[in-house]
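Visitor: Here's a structure for you.
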Amino acid sequence: MEQQQQLGADAWARVFEFLGPAGRFLQLPSVSREWRALYAAALNDHHQQQQPQPQPQQQQQQQQHASTAIHLMAASAPLLRWAFANGCPKSRHMLGHIANAGGSLDAAKCARAAGCGWGEVILHAAMRVRLDMLEWACAGGYLVTPAIANMAATTAIMHGHIAVLKWARGNGAMLTQFHCDFAAMHGHLACLQWLRAEGTDWDATTCTLAARGGHLATLQWARANGAPWNAHTCAQAAGGGHLELLQWARLNGAPWDAHTCLDASRGGHLYVLKWAREQGCPWVPGQCLAATTSAEVREYIVATSDYVPLAHQVP
């Protein structure tokens, strides 16, 4: 019997090599109790194998030194030439290192001449606002597909780089409502303004995400220019603890519902919850109590509502 179980476990270990990411094909353990036990055991073994093994301190230091050396080398064209002449590997990641290190275009040309692949140079250059490197890569034969242009646009918005965003648009990026939402979430008002000037759509999610990030100026501009909003704006402001933004939203007619108090409770923002309740915001005390981990919020909910926790109820 033990031998049969071991064979089953070994078979499941082999199955996991073909299943891909752990947790897929969850219907398999529903076949029988035996399969459920084998699946659970194999999943546990799989997770343990995926855990990074601790590295000796000396090895960690060597890796840190190597990373520092690559960064310094990538920033210097003469040092890069010397490195290639002395056997430095022609890595496809080198151009990305050069962009991240602030290396010159001459260093990038040196790496390409030595045989380094393009790698993800476009994304690294977009992140560092290296328009010179972006234009050089395109002129040098790098094929900018719509997918790459879209990733460059997203990267540009994340870091607030309008110049790179314009480059991405000129190289095939399809600007959608997602990009307006992304700009609002990160509080990059200039990017949002440019996107709207280019005719990019938006909806209530734009205001919701601006509130989530606490970006009052972005929310104010969006509303002044016709962006719709709904109760999620107040809820997200409360969840982030952004009381000033919540107060402005309410003063300017933003609707709210019980999710405002719920999200304030979940975030442990007692001052937001108190203000919302003082202004008549609806709530469900039991849900708020269940959602919070804050002792102060719990005490406030119990003290200001008729809700009695189950632990205190008399049968």
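A note on labels: chains of the structure tokens are A, B, ... as shown, every chain counts residues from 1, and ligands are counted from 1 in their shown order.
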Please list as a ChimeraX atom specification every residue within 6 Å of range 292-305 of chain A, counting only C-alpha atoms and excluding residues in the same chain fewer than 2 positions away.
Guide: /A:265-266,268,270,289-290,307
Visitor: Since we have the selection now, will you write its residues out, keeping C-alpha atoms, as a short mmCIF file (atom, residue, chain, number, x, y, z; two decimals), in the first residue's frame?
Guide:
```
data_model
loop_
_atom_site.label_atom_id
_atom_site.label_comp_id
_atom_site.auth_asym_id
_atom_site.auth_seq_id
_atom_site.Cartn_x
_atom_site.Cartn_y
_atom_site.Cartn_z
CA SER A 265 -12.95 51.10 8.48
CA ARG A 266 -11.00 48.58 6.45
CA GLY A 268 -8.20 51.86 9.85
CA LEU A 270 -10.86 56.52 12.25
CA LEU A 289 -16.59 45.93 12.33
CA ALA A 290 -15.77 42.75 10.43
CA TYR A 307 -24.71 46.72 16.60
#
```
Visitor: What lies within 12 Å of Gly253 in chain A using only C-alpha atoms, ignoring chain neighbours under 6 positions off, as an MDAnalysis selection string?
Guide: chainID A and resid 223 228:231 233:234 246:247
Visitor: Contacts of Leu251 in chain A at 12 Å or less, counting only C-alpha atoms, minus same-chain residues fewer than 5 places along, as a list in words?
Guide: Gln220, Cys234, Glu244, Leu245, Leu246, Trp256 and Gln279 of chain A
Visitor: If you run DSSP on this backbone, which residues of range 91-280 of chain A come out as alpha helix (DSSP H), and could you give them as an MDAnalysis selection string?
Guide: chainID A and resid 94:101 105:114 121:127 131:139 146:159 162:170 177:186 189:197 204:212 216:224 231:239 243:251 258:266 270:278
Visitor: Can you pull out the residues contacting range 181-184 of chain A? Cut-off 7 Å, using only C-alpha atoms, and skip same-chain residues under 5 positions away; I want them as a PDB file with C-alpha atoms, in the first residue's frame.
Guide:
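Writing done, so here's around33.pdb:
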```
ATOM      1  CA  ILE A 157       2.662  57.478 -17.923  1.00  0.00           C
ATOM      2  CA  MET A 158       3.777  55.649 -14.795  1.00  0.00           C
ATOM      3  CA  LEU A 189      -1.882  65.576 -14.415  1.00  0.00           C
ATOM      4  CA  CYS A 191       0.004  63.301 -18.929  1.00  0.00           C
ATOM      5  CA  LEU A 192      -3.747  63.178 -18.359  1.00  0.00           C
ATOM      6  CA  THR A 205     -12.904  55.155 -13.186  1.00  0.00           C
ATOM      7  CA  THR A 206     -10.576  58.074 -13.893  1.00  0.00           C
ATOM      8  CA  LEU A 209      -8.389  56.181  -9.314  1.00  0.00           C
ATOM      9  CA  ALA A 210      -7.394  59.807  -8.789  1.00  0.00           C
ATOM     10  CA  THR A 218      -5.932  65.681 -10.762  1.00  0.00           C
TER      11      THR A 218
END
```
Visitor: Which is closest to Ala168 in chain A among A:Ala254, A:Ala126, A:Arg81, A:Gly141, if we use only C-alpha atoms?
Guide: A:Ala126
Visitor: Name the closest residue to Asp263 in chain A among the candidates A:Cys288, A:Leu243, A:Cys281, A:Cys180; distances are taken between atoms, counting only C-alpha atoms.
Guide: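 Closest candidate: A:Cys288.
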Visitor: Which residue out of A:Ala258, A:Cys138, A:Leu131, A:Ala152 has the minimum interatomic distance to Trp118 in chain A when only C-alpha atoms are used?
Guide: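 Nearest to Trp118 in chain A: A:Cys138.
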Visitor: May I ask for the distance between CA of Gly160 in chain A and CA of Leu134 in chain A, given in Å to one decimal place?
Guide: 16.7 Å
Visitor: Would you kindly return, as a ChimeraX atom specification, each protein, DNA or RNA residue with an atom no farther than 8 Å from any atom of range 113-117 of chain A, considering only C-alpha atoms and excluding same-chain residues fewer than 5 positions away?
Guide: /A:84,90-95
